[in-house]
Amino acid sequence: MVAKSQVQQDTRSRSNAEKTFDNGFIALTKIFAWGIAAILILMALTVASQAIPSLNEFGFSFLFKSVWNPVKEDYGAWPMIVGTLVSSVLSLFIAVPLGLGTAIFLSENFIPPKISTPLTFMVELLAAIPSVVYGLWGIYVLLPFLEPIEAFLGKYLGWIPLFSIPDGVRAGGPGMFPAVIILSIMILPIITAISRDSLASLPPELRQASLGLGASRWGTIIRVLIPAAFSGIVGGVMLGLGRAMGETMAVTMLIGNANSIKVTLFAPSNTIASLMANQFAEASGLQLSALMYTGVVLFALTLIVNILANWVVNKIKAKY
């Protein structure tokens, strides 16, 4: 009762100017929030309107055709859709364990703060490097580094389709494998930074209560802290996945830009973003509309991924 009375007294004592400022601030934040939604809707409608001629010409068969022939004006996005999904998912398989492990290492006092603070800064600094720099680094450093690795895997594990080197393709050349590696490096700081912030923001009582009940340090991390911070970790993973799906320059420079589907990691491939970057400048007519159609597909894939992420988070929250 005392606290409630104190709050009511503080509310009455506030001036009209303060109340007006607060109400104005609330209204301004609502305008900004709706403005972001309006911009997103406007972008989607603009891209969709440009894609209508291609949609009328090819229908939904566009999604499953493997032909992209501007001369005959015959287009299909299936290889690019597969390349986008495969490169993004494989990059998550590499980046999520590394990012989550780094976040735990930096947030749970495994090392002194005077060491963890510079390391945190260095990890976050990776996010500020332009994608074209990643692409150049990939061409001049990553590809030569991967050449003996790909040759070794192709020689001794080539009987597995995933590691076979197709005819006409040399080890260490552009392909899906270097694109996945570069994507995993690019999304690593996003996953690490958000996961670390989610873990660091948990109440200290969670750790103390778990340890007080006899749980080990790693038991506390795995069974208490990670589930408690799971929504933030998934948010970081989804942001990283969105970055991977929409990444353009670095992937364009390393993936090989071949509109074909092969099981092996060492063959050139393509993504939706790379296709648009390569052809948008000289595209016109139906080709431009087909590129816009692929943009609509990328919008839809991103939306599906976010809906799935929200569903997973809600399931985990209900469990814990």
# chains A, B, ... in the order shown; residues from 1 in each chain; ligands from 1
>>> residues_around(residues="segment 134-139 of chain A", least_positions_apart="2", cutoff="12 Å", atoms="only C-alpha atoms", output="VMD selection string")
chain A and resid 126 to 132 141 to 147 172 to 175 177 to 187 247 to 256
>>> residues_around(residues="Leu153 of chain A", least_positions_apart="5", cutoff="12 Å", atoms="only C-alpha atoms", output="list in words")
Leu146, Glu147, Pro148, Gly158, Trp159, Ile160, Pro161, Leu162, Phe163, Ser164, Ile165, Ala171, Gly172, Phe177, Thr264, Leu265 and Phe266 of chain A
>>> closest_residue(among="A:Ala290, A:Leu213, A:Ile104, A:Ala38", to="Leu225 of chain A", atoms="only C-alpha atoms")
A:Ile104
>>> atom_distance(atom1="atom CA of Thr294 of chain A", atom2="atom CA of Val96 of chain A")
27.3 Å
>>> closest_residue(among="A:Leu286, A:Leu188, A:Met238, A:Met176", to="Ala258 of chain A", atoms="only C-alpha atoms")
A:Met176
>>> atom_distance(atom1="atom CA of Val47 of chain A", atom2="atom CA of Gly246 of chain A")
15.1 Å
>>> atom_distance(atom1="atom CA of Thr46 of chain A", atom2="atom CA of Thr271 of chain A")
21.4 Å
>>> closest_residue(among="A:Leu63, A:Ile307, A:Leu239, A:Val297", to="Gly76 of chain A", atoms="only C-alpha atoms")
A:Leu63
>>> closest_residue(among="A:Ile226, A:Met276, A:Leu303, A:Val86", to="Leu202 of chain A", atoms="only C-alpha atoms")
A:Ile226
>>> residues_around(residues="Ala193 of chain A", least_positions_apart="2", cutoff="12 Å", atoms="only C-alpha atoms", output="PDB file with C-alpha atoms, in the first residue's frame")
ATOM      1  CA  VAL A  96      26.377 -21.703 -34.529  1.00  0.00           C
ATOM      2  CA  LEU A  98      31.572 -21.677 -32.839  1.00  0.00           C
ATOM      3  CA  GLY A  99      29.490 -18.605 -32.044  1.00  0.00           C
ATOM      4  CA  LEU A 100      27.676 -20.124 -29.077  1.00  0.00           C
ATOM      5  CA  GLY A 101      30.886 -21.609 -27.709  1.00  0.00           C
ATOM      6  CA  THR A 102      32.663 -18.267 -28.035  1.00  0.00           C
ATOM      7  CA  ALA A 103      29.732 -16.503 -26.344  1.00  0.00           C
ATOM      8  CA  ILE A 104      29.867 -18.918 -23.402  1.00  0.00           C
ATOM      9  CA  PHE A 105      33.643 -18.558 -23.186  1.00  0.00           C
ATOM     10  CA  LEU A 106      33.426 -14.747 -23.107  1.00  0.00           C
ATOM     11  CA  SER A 107      30.422 -14.413 -20.772  1.00  0.00           C
ATOM     12  CA  LEU A 119      38.439 -10.450 -27.460  1.00  0.00           C
ATOM     13  CA  THR A 120      34.787  -9.373 -27.444  1.00  0.00           C
ATOM     14  CA  PHE A 121      35.728  -6.186 -29.285  1.00  0.00           C
ATOM     15  CA  MET A 122      37.708  -8.135 -31.876  1.00  0.00           C
ATOM     16  CA  VAL A 123      34.821 -10.540 -32.528  1.00  0.00           C
ATOM     17  CA  GLU A 124      32.371  -7.678 -32.976  1.00  0.00           C
ATOM     18  CA  LEU A 125      34.860  -5.908 -35.236  1.00  0.00           C
ATOM     19  CA  LEU A 126      34.465  -8.754 -37.746  1.00  0.00           C
ATOM     20  CA  ALA A 127      30.922  -7.532 -38.425  1.00  0.00           C
ATOM     21  CA  ILE A 187      27.713 -14.435 -39.599  1.00  0.00           C
ATOM     22  CA  LEU A 188      29.894 -15.572 -36.688  1.00  0.00           C
ATOM     23  CA  PRO A 189      30.153 -12.120 -34.999  1.00  0.00           C
ATOM     24  CA  ILE A 190      26.377 -11.615 -35.167  1.00  0.00           C
ATOM     25  CA  ILE A 191      25.624 -14.940 -33.489  1.00  0.00           C
ATOM     26  CA  SER A 195      24.302 -14.870 -27.725  1.00  0.00           C
ATOM     27  CA  ARG A 196      26.859 -13.342 -25.374  1.00  0.00           C
ATOM     28  CA  ASP A 197      24.566 -10.412 -24.538  1.00  0.00           C
ATOM     29  CA  SER A 198      21.679 -12.814 -23.903  1.00  0.00           C
ATOM     30  CA  LEU A 199      23.761 -14.929 -21.531  1.00  0.00           C
ATOM     31  CA  ALA A 200      25.326 -11.940 -19.773  1.00  0.00           C
ATOM     32  CA  GLY A 232      17.994 -14.351 -27.584  1.00  0.00           C
ATOM     33  CA  ILE A 233      20.288 -17.043 -28.988  1.00  0.00           C
ATOM     34  CA  GLY A 235      17.285 -14.346 -32.462  1.00  0.00           C
ATOM     35  CA  GLY A 236      21.006 -14.095 -33.118  1.00  0.00           C
ATOM     36  CA  VAL A 237      20.959 -17.262 -35.212  1.00  0.00           C
ATOM     37  CA  LEU A 239      19.800 -12.653 -37.876  1.00  0.00           C
ATOM     38  CA  GLY A 240      22.848 -14.594 -38.987  1.00  0.00           C
TER      39      GLY A 240
END
